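Here the structure is laid out as structure tokens; the discussion comes afterwards.
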Number of protein chains: 2
Amino acid sequence: MTPRSPFKIPKIPEMTVRRLSVYTRCLQQLEEDGVKTISSQELAERFSFNSAQVRKDLAYFGEFGVRGIGYYVAGLKAELQKILGLDREWPVALVGLGNLGAALFHYKGFARQGFRIAAIFDDDPAKAGTVEGVPVLPLADLPREAKARNLQIAIVAVPAESAQAVTTAIAAAGIKAVLNFAPGRIRTAKDIRLKNVDLSIELESLSFYLAQGHR
Amino acid sequence: MTPRSPFKIPKIPEMTVRRLSVYTRCLQQLEEDGVKTISSQELAERFSFNSAQVRKDLAYFGEFGVRGIGYYVAGLKAELQKILGLDREWPVALVGLGNLGAALFHYKGFARQGFRIAAIFDDDPAKAGTVEGVPVLPLADLPREAKARNLQIAIVAVPAESAQAVTTAIAAAGIKAVLNFAPGRIRTAKDIRLKNVDLSIELESLSFYLAQGHR
């Protein structure tokens with residue numbers, strides 16, 4: 001394994017990053033199943049990937065395969081976790097504590113990957129206080145709290161009509177990464193990484209298969 | 001444009017289907033911006049895709065480009081929507097009306113793409129009744145309602161410990177496509193299309209960029 005860590009990596013396609021997350025989960029499954037090593041071919045077959053794609057995705061970051069053996073499952077998983085920034089804890093701001101915000105707050109998957117919701121922002125005075133020890137604060141407190149709590153990532157779970165203003169406030173508070181659940185286009189400064197979640201994409205992969213089956 | 005509709009298409013990679021959804025959204029944006037035609041090169045540049053990948057993805061379904069012109073934006077969008085099954089309405093069952101279920105019920109994106117939540121299932125008697133005209137029923141009613149309402153897709157928004165039993169009940173009711181938000185591995189019959197949503201993958205694309213920037 002020769003990770004390329006000391007060098008600046010080239011621009012990585014978004015789909016490659018997504019696949020790294022998927023590979024990490026597959027390696028986790030393999031580890032749970034007691035698999036120690038796996039070839040890119042087997043990895044591809046077992047999880048219906050394209051093996052050339054797997055090799056290409058990994059090649060951005062170094063040479064992880066070992067001739068005649070393939071990949072060491074635990075080692076590759078650890079490397080990918082490091083590349084994805086999953087080897088540390090990220091303090092996250094959650095903005096909006098409606099149904100979606102509450103659901104995201106209780107979503108087990110985030111904490112498991114090191115994403116810790118450290119502060120919640122909602123201007124509804126009825127929601128002020130704490131939820132499971134996490135403070136619920138007015139949005140005006142965001143700049144101060146972002147610094148005090150070292151908030152690195154913000155999750156936007158507000159109605160569409162507030163999403164632009166909220167995102168602008170997040171950027172002004174110095175938070176550089178935003179995960180937005182609100183529909184519609186949002187504009188941000190170039191140095192802000194904005195990721196829009198579109199849950200209907202997930203349903204479309206199902207309607208695709210149903211539609212193809214109906215032919 | 002020569003779509004390959006009368007023929008059975010080959011096995012399509014899941015990532016290709018996902019990209020078709022993304023392309024459809026990009027074409028929608030282009031249409032709103034008044035763009036009539038676009039080359040695969042321009043499409044790729046504007047949305048940071050790989051143009052060879054765009055051509056390869058589309059080639060599974062036919063020849064959509066016109067030499068010297070590129071793609072007709074409105075025409076390609078309509079073709080992709082048809083391929084993705086977005087040219088019709090899909091009656092959807094929502095199972096679980098906790099915070100996440102309620103958030104998904106109110107999620108605007110589903111209805112816009114033709115996914116209509118036609119019935120909600122939750123065994124909590126306090127939730128029985130209707131929400132905005134949609135009935136909230138006990139899970140035991142699923143087999144009858146699936147037939148009566150022609151439910152084609154089910155969304156699972158129940159706690160992890162109930163997800164396997166709920167998915168089994170959905171399959172027994174004859175619903176062939178399941179979108180599952182509960183964490184953990186779920187087993188289904190071969191003819192059921194199960195799609196697991198893992199929201200932490202979305203956050204990982206942000207931690208990746210933050211981690212790379214910290215180097």
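In the structure tokens, chains take letters A, B, ... by order of appearance, with residues numbered from 1 within each chain and ligands from 1 in the order shown.
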Put chain B on top of chain A with a least-squares fit on all C-alpha atoms, paired in order, and send it back as a short mmCIF file (atom, residue, chain, number, x, y, z; two decimals) with C-alpha atoms, in the first residue's frame.
data_model
loop_
_atom_site.label_atom_id
_atom_site.label_comp_id
_atom_site.auth_asym_id
_atom_site.auth_seq_id
_atom_site.Cartn_x
_atom_site.Cartn_y
_atom_site.Cartn_z
CA MET B 1 0.08 -0.05 -0.04
CA THR B 2 1.58 3.26 -1.12
CA PRO B 3 -0.87 6.05 -0.42
CA ARG B 4 -0.01 9.31 -2.11
CA SER B 5 -0.71 11.40 1.01
CA PRO B 6 2.09 13.99 0.91
CA PHE B 7 1.10 15.19 -2.56
CA LYS B 8 -1.79 17.41 -3.58
CA ILE B 9 -4.30 15.17 -5.35
CA PRO B 10 -5.83 16.15 -8.72
CA LYS B 11 -9.48 17.21 -9.13
CA ILE B 12 -11.57 14.17 -8.20
CA PRO B 13 -14.96 13.61 -9.88
CA GLU B 14 -17.88 13.80 -7.46
CA MET B 15 -19.03 10.33 -8.52
CA THR B 16 -15.62 8.91 -7.58
CA VAL B 17 -15.95 10.35 -4.07
CA ARG B 18 -19.43 8.85 -3.81
CA ARG B 19 -18.08 5.47 -4.90
CA LEU B 20 -15.30 5.69 -2.30
CA SER B 21 -18.06 5.93 0.32
CA VAL B 22 -19.78 2.91 -1.20
CA TYR B 23 -16.53 0.91 -1.37
CA THR B 24 -15.89 1.72 2.30
CA ARG B 25 -19.28 0.25 3.23
CA CYS B 26 -18.63 -2.86 1.13
CA LEU B 27 -15.24 -3.34 2.77
CA GLN B 28 -16.97 -2.95 6.15
CA GLN B 29 -19.37 -5.77 5.17
CA LEU B 30 -16.52 -7.96 3.96
CA GLU B 31 -14.67 -7.35 7.22
CA GLU B 32 -17.78 -8.36 9.21
CA ASP B 33 -17.99 -11.50 7.06
CA GLY B 34 -14.39 -12.36 7.94
CA VAL B 35 -12.92 -11.70 4.47
CA LYS B 36 -9.24 -10.65 4.77
CA THR B 37 -8.21 -9.98 1.16
CA ILE B 38 -10.12 -9.46 -2.09
CA SER B 39 -9.18 -8.82 -5.73
CA SER B 40 -10.65 -5.85 -7.60
CA GLN B 41 -12.39 -8.42 -9.82
CA GLU B 42 -14.06 -10.18 -6.85
CA LEU B 43 -14.91 -6.86 -5.21
CA ALA B 44 -16.53 -5.74 -8.47
CA GLU B 45 -18.48 -8.97 -8.92
CA ARG B 46 -19.69 -9.20 -5.36
CA PHE B 47 -21.08 -5.66 -5.33
CA SER B 48 -21.88 -5.25 -9.05
CA PHE B 49 -19.21 -2.65 -9.76
CA ASN B 50 -17.07 -2.32 -12.85
CA SER B 51 -13.58 -3.57 -11.85
CA ALA B 52 -11.77 -1.12 -14.17
CA GLN B 53 -13.75 1.68 -12.51
CA VAL B 54 -12.75 0.45 -9.04
CA ARG B 55 -9.07 0.47 -10.04
CA LYS B 56 -9.38 3.89 -11.67
CA ASP B 57 -11.14 5.40 -8.64
CA LEU B 58 -8.50 4.07 -6.25
CA ALA B 59 -5.63 5.08 -8.54
CA TYR B 60 -6.36 8.76 -7.85
CA PHE B 61 -5.07 8.20 -4.34
CA GLY B 62 -2.24 5.69 -4.70
CA GLU B 63 -1.48 2.05 -5.32
CA PHE B 64 -3.47 -0.02 -2.85
CA GLY B 65 -3.44 -3.44 -4.49
CA VAL B 66 -0.78 -6.09 -3.88
CA ARG B 67 0.14 -8.28 -6.86
CA GLY B 68 -1.21 -11.82 -6.48
CA ILE B 69 -3.24 -10.90 -3.38
CA GLY B 70 -5.49 -7.99 -4.28
CA TYR B 71 -6.53 -5.63 -1.53
CA TYR B 72 -6.19 -6.09 2.22
CA VAL B 73 -9.78 -5.45 3.31
CA ALA B 74 -9.05 -3.81 6.69
CA GLY B 75 -6.11 -1.81 5.34
CA LEU B 76 -7.97 -0.48 2.30
CA LYS B 77 -10.99 0.41 4.44
CA ALA B 78 -8.77 2.41 6.81
CA GLU B 79 -7.10 4.20 3.88
CA LEU B 80 -10.43 5.11 2.31
CA GLN B 81 -11.78 6.33 5.64
CA LYS B 82 -8.74 8.58 5.97
CA ILE B 83 -9.22 9.90 2.42
CA LEU B 84 -12.89 10.60 3.15
CA GLY B 85 -12.01 12.39 6.38
CA LEU B 86 -13.70 9.69 8.47
CA ASP B 87 -10.67 9.25 10.72
CA ARG B 88 -11.75 12.20 12.85
CA GLU B 89 -14.85 13.82 14.33
CA TRP B 90 -16.64 16.65 12.51
CA PRO B 91 -18.70 19.07 14.61
CA VAL B 92 -21.86 19.76 12.60
CA ALA B 93 -24.45 22.55 12.80
CA LEU B 94 -28.05 21.55 12.10
CA VAL B 95 -30.20 24.46 10.91
CA GLY B 96 -33.95 23.84 11.14
CA LEU B 97 -35.65 21.61 13.69
CA GLY B 98 -38.89 20.74 11.89
CA ASN B 99 -39.79 17.14 11.05
CA LEU B 100 -36.81 16.73 8.74
CA GLY B 101 -34.36 18.40 11.14
CA ALA B 102 -35.59 16.23 14.02
CA ALA B 103 -35.31 13.10 11.85
CA LEU B 104 -31.76 14.04 10.84
CA PHE B 105 -30.84 14.78 14.45
CA HIS B 106 -31.89 11.25 15.41
CA TYR B 107 -30.37 9.64 12.31
CA LYS B 108 -27.92 7.07 13.68
CA GLY B 109 -25.74 6.94 10.58
CA PHE B 110 -24.19 10.40 11.05
CA ALA B 111 -22.65 9.85 14.48
CA ARG B 112 -21.38 6.41 13.43
CA GLN B 113 -19.30 8.07 10.68
CA GLY B 114 -18.00 10.80 12.98
CA PHE B 115 -20.49 13.56 12.14
CA ARG B 116 -21.58 14.96 15.50
CA ILE B 117 -24.41 17.49 15.57
CA ALA B 118 -22.98 19.92 18.10
CA ALA B 119 -25.54 22.73 17.85
CA ILE B 120 -29.02 23.19 16.40
CA PHE B 121 -30.31 26.51 15.10
CA ASP B 122 -34.00 27.35 14.86
CA ASP B 123 -35.68 30.72 15.33
CA ASP B 124 -38.91 29.22 16.69
CA PRO B 125 -38.87 30.24 20.40
CA ALA B 126 -40.96 27.14 21.21
CA LYS B 127 -37.97 25.01 20.21
CA ALA B 128 -35.32 26.87 22.25
CA GLY B 129 -33.58 24.79 24.90
CA THR B 130 -31.72 21.54 24.40
CA VAL B 131 -32.40 18.21 22.67
CA GLU B 132 -30.50 15.33 24.23
CA GLY B 133 -27.98 17.78 25.59
CA VAL B 134 -27.48 19.65 22.30
CA PRO B 135 -28.42 23.36 22.45
CA VAL B 136 -31.18 24.75 20.20
CA LEU B 137 -30.28 28.37 19.51
CA PRO B 138 -31.52 31.28 17.39
CA LEU B 139 -29.82 31.63 14.00
CA ALA B 140 -28.33 34.96 15.16
CA ASP B 141 -26.03 32.95 17.45
CA LEU B 142 -24.51 31.04 14.54
CA PRO B 143 -21.38 33.23 13.98
CA ARG B 144 -20.41 33.07 17.66
CA GLU B 145 -21.21 29.37 18.05
CA ALA B 146 -19.49 28.42 14.78
CA LYS B 147 -16.24 29.77 16.25
CA ALA B 148 -16.77 28.55 19.81
CA ARG B 149 -17.71 25.03 18.75
CA ASN B 150 -15.48 24.85 15.68
CA LEU B 151 -18.48 23.95 13.48
CA GLN B 152 -17.16 22.70 10.14
CA ILE B 153 -20.25 21.48 8.31
CA ALA B 154 -23.83 22.75 8.30
CA ILE B 155 -26.95 20.76 7.45
CA VAL B 156 -29.78 22.90 6.06
CA ALA B 157 -33.21 21.47 6.88
CA VAL B 158 -35.36 24.57 6.54
CA PRO B 159 -38.25 25.29 4.13
CA ALA B 160 -37.25 26.15 0.54
CA GLU B 161 -38.08 29.85 0.96
CA SER B 162 -35.55 30.27 3.82
CA ALA B 163 -32.76 28.13 2.38
CA GLN B 164 -30.91 30.86 0.49
CA ALA B 165 -30.83 33.27 3.46
CA VAL B 166 -29.79 30.49 5.83
CA THR B 167 -27.00 29.34 3.50
CA THR B 168 -25.72 32.91 3.19
CA ALA B 169 -25.69 33.21 6.99
CA ILE B 170 -23.81 29.92 7.30
CA ALA B 171 -21.17 31.08 4.83
CA ALA B 172 -20.85 34.43 6.65
CA ALA B 173 -20.23 32.49 9.87
CA GLY B 174 -17.18 30.87 8.24
CA ILE B 175 -18.59 27.37 7.71
CA LYS B 176 -17.25 26.05 4.40
CA ALA B 177 -19.35 22.94 3.79
CA VAL B 178 -23.14 22.81 3.50
CA LEU B 179 -25.46 19.86 3.06
CA ASN B 180 -28.77 21.23 1.83
CA PHE B 181 -32.06 19.32 1.91
CA ALA B 182 -34.22 22.21 0.69
CA PRO B 183 -35.30 22.06 -2.96
CA GLY B 184 -34.42 24.82 -5.44
CA ARG B 185 -31.21 26.44 -6.63
CA ILE B 186 -28.98 28.09 -4.05
CA ARG B 187 -26.09 30.39 -4.83
CA THR B 188 -22.94 30.42 -2.72
CA ALA B 189 -19.45 31.88 -2.82
CA LYS B 190 -16.88 29.82 -4.75
CA ASP B 191 -15.07 28.68 -1.61
CA ILE B 192 -18.19 27.12 -0.08
CA ARG B 193 -18.78 23.45 -0.84
CA LEU B 194 -22.53 23.03 -1.27
CA LYS B 195 -24.07 19.60 -1.65
CA ASN B 196 -27.77 19.40 -2.48
CA VAL B 197 -29.58 16.25 -1.42
CA ASP B 198 -32.36 15.26 -3.79
CA LEU B 199 -34.25 12.34 -2.29
CA SER B 200 -36.34 11.81 -5.41
CA ILE B 201 -33.19 10.60 -7.21
CA GLU B 202 -33.30 7.55 -4.92
CA LEU B 203 -36.89 6.82 -5.91
CA GLU B 204 -36.04 7.25 -9.59
CA SER B 205 -33.68 4.30 -9.50
CA LEU B 206 -36.71 2.25 -8.46
CA SER B 207 -39.11 3.69 -11.03
CA PHE B 208 -36.42 3.06 -13.65
CA TYR B 209 -36.37 -0.67 -12.89
CA LEU B 210 -40.15 -0.87 -12.66
CA ALA B 211 -40.51 1.01 -15.95
CA GLN B 212 -37.95 -1.26 -17.67
CA GLY B 213 -39.71 -4.34 -16.32
CA HIS B 214 -43.01 -3.16 -17.75
CA ARG B 215 -41.64 -3.16 -21.28
#
Backbone-only DSSP, helix (DSSP H, G or I) members of range 14-192 of chain B, as a compact mmCIF listing (two decimals) with N, CA and C atoms, in the first residue's frame:
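See result-v8.txt below for the written result:
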# COMPACT_ATOMS: atom_id res chain seq x y z
N GLU B 14 -25.95 0.67 -11.70
CA GLU B 14 -26.74 1.54 -10.83
C GLU B 14 -26.28 2.99 -10.92
N MET B 15 -24.96 3.17 -11.07
CA MET B 15 -24.43 4.54 -11.14
C MET B 15 -24.87 5.24 -12.43
N THR B 16 -25.07 4.46 -13.49
CA THR B 16 -25.57 5.05 -14.74
C THR B 16 -26.99 5.58 -14.52
N VAL B 17 -27.81 4.78 -13.84
CA VAL B 17 -29.20 5.19 -13.60
C VAL B 17 -29.20 6.48 -12.76
N ARG B 18 -28.33 6.51 -11.75
CA ARG B 18 -28.23 7.71 -10.91
C ARG B 18 -27.83 8.92 -11.76
N ARG B 19 -26.86 8.70 -12.66
CA ARG B 19 -26.44 9.82 -13.51
C ARG B 19 -27.55 10.27 -14.46
N LEU B 20 -28.38 9.32 -14.92
CA LEU B 20 -29.50 9.72 -15.78
C LEU B 20 -30.39 10.71 -15.02
N SER B 21 -30.62 10.43 -13.74
CA SER B 21 -31.42 11.35 -12.91
C SER B 21 -30.74 12.72 -12.84
N VAL B 22 -29.42 12.70 -12.67
CA VAL B 22 -28.69 13.97 -12.56
C VAL B 22 -28.73 14.72 -13.90
N TYR B 23 -28.53 13.99 -15.00
CA TYR B 23 -28.59 14.63 -16.32
C TYR B 23 -29.96 15.28 -16.53
N THR B 24 -31.01 14.56 -16.12
CA THR B 24 -32.37 15.08 -16.30
C THR B 24 -32.53 16.42 -15.60
N ARG B 25 -31.97 16.52 -14.37
CA ARG B 25 -32.04 17.78 -13.63
C ARG B 25 -31.23 18.88 -14.32
N CYS B 26 -30.09 18.52 -14.87
CA CYS B 26 -29.26 19.51 -15.57
C CYS B 26 -29.98 20.01 -16.81
N LEU B 27 -30.61 19.08 -17.54
CA LEU B 27 -31.34 19.47 -18.74
C LEU B 27 -32.51 20.38 -18.36
N GLN B 28 -33.14 20.08 -17.23
CA GLN B 28 -34.22 20.93 -16.71
C GLN B 28 -33.71 22.36 -16.48
N GLN B 29 -32.54 22.47 -15.85
CA GLN B 29 -31.92 23.79 -15.60
C GLN B 29 -31.62 24.50 -16.91
N LEU B 30 -31.04 23.76 -17.86
CA LEU B 30 -30.71 24.35 -19.16
C LEU B 30 -31.98 24.87 -19.83
N GLU B 31 -33.04 24.07 -19.76
CA GLU B 31 -34.31 24.45 -20.37
C GLU B 31 -34.82 25.75 -19.73
N GLU B 32 -34.74 25.82 -18.39
CA GLU B 32 -35.17 27.05 -17.69
C GLU B 32 -34.31 28.25 -18.11
N SER B 40 -22.28 17.16 -25.99
CA SER B 40 -21.93 16.37 -24.80
C SER B 40 -20.75 17.02 -24.08
N GLN B 41 -19.86 17.65 -24.89
CA GLN B 41 -18.70 18.35 -24.33
C GLN B 41 -19.13 19.51 -23.43
N GLU B 42 -20.05 20.35 -23.95
CA GLU B 42 -20.53 21.50 -23.17
C GLU B 42 -21.29 21.05 -21.93
N LEU B 43 -22.13 20.03 -22.14
CA LEU B 43 -22.91 19.48 -21.02
C LEU B 43 -21.96 19.03 -19.92
N ALA B 44 -20.91 18.32 -20.34
CA ALA B 44 -19.92 17.80 -19.39
C ALA B 44 -19.22 18.94 -18.67
N GLU B 45 -18.80 19.96 -19.44
CA GLU B 45 -18.07 21.07 -18.82
C GLU B 45 -18.94 21.84 -17.84
N ARG B 46 -20.15 22.14 -18.31
CA ARG B 46 -21.03 22.97 -17.48
C ARG B 46 -21.36 22.32 -16.14
N PHE B 47 -21.47 20.99 -16.12
CA PHE B 47 -21.88 20.33 -14.89
C PHE B 47 -20.78 19.43 -14.31
N SER B 51 -17.25 13.78 -20.42
CA SER B 51 -18.10 13.73 -21.61
C SER B 51 -18.17 12.32 -22.21
N ALA B 52 -17.09 11.53 -22.08
CA ALA B 52 -17.12 10.16 -22.57
C ALA B 52 -18.13 9.34 -21.75
N GLN B 53 -18.17 9.64 -20.44
CA GLN B 53 -19.11 8.94 -19.56
C GLN B 53 -20.55 9.29 -19.95
N VAL B 54 -20.80 10.56 -20.23
CA VAL B 54 -22.15 10.99 -20.65
C VAL B 54 -22.57 10.21 -21.89
N ARG B 55 -21.67 10.15 -22.89
CA ARG B 55 -22.01 9.45 -24.13
C ARG B 55 -22.24 7.96 -23.87
N LYS B 56 -21.40 7.38 -23.02
CA LYS B 56 -21.52 5.95 -22.71
C LYS B 56 -22.84 5.65 -22.00
N ASP B 57 -23.17 6.51 -21.02
CA ASP B 57 -24.43 6.31 -20.28
C ASP B 57 -25.63 6.37 -21.21
N LEU B 58 -25.63 7.36 -22.10
CA LEU B 58 -26.77 7.52 -23.01
C LEU B 58 -26.82 6.40 -24.04
N ALA B 59 -25.65 5.90 -24.43
CA ALA B 59 -25.59 4.89 -25.48
C ALA B 59 -26.30 3.59 -25.10
N VAL B 73 -32.16 19.82 -25.97
CA VAL B 73 -32.33 19.80 -24.52
C VAL B 73 -33.70 19.24 -24.12
N ALA B 74 -34.77 19.81 -24.69
CA ALA B 74 -36.13 19.39 -24.30
C ALA B 74 -36.38 17.93 -24.70
N GLY B 75 -35.91 17.57 -25.90
CA GLY B 75 -36.13 16.22 -26.39
C GLY B 75 -35.40 15.18 -25.56
N LEU B 76 -34.14 15.47 -25.24
CA LEU B 76 -33.35 14.51 -24.45
C LEU B 76 -33.94 14.39 -23.05
N LYS B 77 -34.36 15.52 -22.48
CA LYS B 77 -34.97 15.48 -21.14
C LYS B 77 -36.20 14.57 -21.16
N ALA B 78 -37.05 14.73 -22.16
CA ALA B 78 -38.27 13.92 -22.25
C ALA B 78 -37.93 12.43 -22.40
N GLU B 79 -36.89 12.13 -23.20
CA GLU B 79 -36.48 10.73 -23.38
C GLU B 79 -36.00 10.14 -22.07
N LEU B 80 -35.16 10.91 -21.36
CA LEU B 80 -34.61 10.41 -20.10
C LEU B 80 -35.72 10.22 -19.07
N GLN B 81 -36.68 11.14 -19.06
CA GLN B 81 -37.80 11.00 -18.12
C GLN B 81 -38.58 9.72 -18.40
N LYS B 82 -38.74 9.42 -19.70
CA LYS B 82 -39.45 8.20 -20.07
C LYS B 82 -38.66 6.97 -19.60
N ILE B 83 -37.34 6.99 -19.85
CA ILE B 83 -36.48 5.88 -19.44
C ILE B 83 -36.55 5.67 -17.94
N ASN B 99 -40.83 11.13 12.80
CA ASN B 99 -40.28 12.38 12.26
C ASN B 99 -39.87 12.22 10.80
N LEU B 100 -39.14 11.14 10.51
CA LEU B 100 -38.65 10.95 9.15
C LEU B 100 -39.80 10.74 8.19
N GLY B 101 -40.76 9.87 8.56
CA GLY B 101 -41.91 9.61 7.71
C GLY B 101 -42.68 10.90 7.43
N ALA B 102 -42.89 11.70 8.47
CA ALA B 102 -43.62 12.96 8.29
C ALA B 102 -42.84 13.89 7.36
N ALA B 103 -41.52 13.96 7.55
CA ALA B 103 -40.69 14.80 6.69
C ALA B 103 -40.78 14.33 5.24
N LEU B 104 -40.73 13.02 5.03
CA LEU B 104 -40.80 12.49 3.66
C LEU B 104 -42.17 12.74 3.06
N PHE B 105 -43.22 12.64 3.90
CA PHE B 105 -44.57 12.89 3.39
C PHE B 105 -44.68 14.32 2.86
N HIS B 106 -44.02 15.26 3.55
CA HIS B 106 -44.12 16.66 3.14
C HIS B 106 -43.04 17.07 2.14
N LYS B 108 -41.42 17.97 -0.97
CA LYS B 108 -42.04 18.43 -2.22
C LYS B 108 -41.51 17.69 -3.45
N GLY B 109 -40.25 17.27 -3.38
CA GLY B 109 -39.60 16.70 -4.55
C GLY B 109 -40.27 15.44 -5.10
N PHE B 110 -40.87 14.63 -4.21
CA PHE B 110 -41.45 13.36 -4.67
C PHE B 110 -42.61 13.60 -5.63
N ALA B 111 -43.58 14.41 -5.19
CA ALA B 111 -44.77 14.63 -6.01
C ALA B 111 -44.40 15.26 -7.34
N ARG B 112 -43.41 16.16 -7.32
CA ARG B 112 -42.99 16.85 -8.54
C ARG B 112 -42.50 15.85 -9.59
N PRO B 125 -51.85 3.72 17.18
CA PRO B 125 -53.27 4.12 17.05
C PRO B 125 -53.44 5.64 17.13
N ALA B 126 -52.50 6.32 17.79
CA ALA B 126 -52.59 7.79 17.91
C ALA B 126 -52.43 8.46 16.55
N LYS B 127 -51.87 7.74 15.58
CA LYS B 127 -51.62 8.34 14.26
C LYS B 127 -52.70 7.99 13.25
N LEU B 139 -50.49 -1.56 9.62
CA LEU B 139 -49.71 -2.32 8.64
C LEU B 139 -50.47 -3.55 8.14
N ALA B 140 -51.37 -4.08 8.99
CA ALA B 140 -52.14 -5.27 8.60
C ALA B 140 -53.00 -5.00 7.36
N ASP B 141 -53.29 -3.74 7.09
CA ASP B 141 -54.11 -3.39 5.92
C ASP B 141 -53.31 -3.32 4.62
N LEU B 142 -52.00 -3.47 4.74
CA LEU B 142 -51.14 -3.28 3.56
C LEU B 142 -51.51 -4.18 2.38
N PRO B 143 -51.70 -5.53 2.59
CA PRO B 143 -51.98 -6.38 1.42
C PRO B 143 -53.24 -5.92 0.67
N ARG B 144 -54.28 -5.61 1.42
CA ARG B 144 -55.54 -5.18 0.78
C ARG B 144 -55.36 -3.85 0.06
N GLU B 145 -54.72 -2.89 0.75
CA GLU B 145 -54.56 -1.55 0.19
C GLU B 145 -53.60 -1.56 -1.00
N ALA B 146 -52.56 -2.40 -0.94
CA ALA B 146 -51.60 -2.47 -2.04
C ALA B 146 -52.33 -2.80 -3.34
N LYS B 147 -53.27 -3.76 -3.23
CA LYS B 147 -54.07 -4.14 -4.42
C LYS B 147 -55.02 -3.01 -4.80
N ALA B 148 -55.81 -2.57 -3.81
CA ALA B 148 -56.86 -1.58 -4.07
C ALA B 148 -56.30 -0.30 -4.66
N ALA B 160 -34.77 0.92 12.87
CA ALA B 160 -33.95 -0.19 12.34
C ALA B 160 -34.49 -1.55 12.75
N GLU B 161 -34.94 -1.67 14.01
CA GLU B 161 -35.33 -3.00 14.51
C GLU B 161 -36.61 -3.52 13.86
N SER B 162 -37.41 -2.64 13.24
CA SER B 162 -38.65 -3.11 12.57
C SER B 162 -38.47 -3.25 11.07
N ALA B 163 -37.35 -2.78 10.53
CA ALA B 163 -37.23 -2.64 9.07
C ALA B 163 -37.32 -3.98 8.34
N GLN B 164 -36.70 -5.03 8.90
CA GLN B 164 -36.73 -6.32 8.22
C GLN B 164 -38.16 -6.85 8.14
N ALA B 165 -38.88 -6.83 9.26
CA ALA B 165 -40.26 -7.34 9.28
C ALA B 165 -41.16 -6.54 8.34
N VAL B 166 -40.99 -5.24 8.35
CA VAL B 166 -41.80 -4.37 7.49
C VAL B 166 -41.51 -4.66 6.01
N THR B 167 -40.23 -4.83 5.69
CA THR B 167 -39.87 -5.10 4.29
C THR B 167 -40.44 -6.45 3.84
N THR B 168 -40.41 -7.43 4.72
CA THR B 168 -40.98 -8.74 4.40
C THR B 168 -42.49 -8.61 4.15
N ALA B 169 -43.16 -7.82 4.97
CA ALA B 169 -44.60 -7.60 4.80
C ALA B 169 -44.90 -6.88 3.49
N ILE B 170 -44.07 -5.95 3.13
CA ILE B 170 -44.24 -5.20 1.88
C ILE B 170 -44.13 -6.15 0.68
N ALA B 171 -43.09 -7.01 0.74
CA ALA B 171 -42.88 -7.96 -0.35
C ALA B 171 -44.06 -8.93 -0.44
N ALA B 172 -44.56 -9.38 0.72
CA ALA B 172 -45.70 -10.31 0.75
C ALA B 172 -46.95 -9.67 0.17
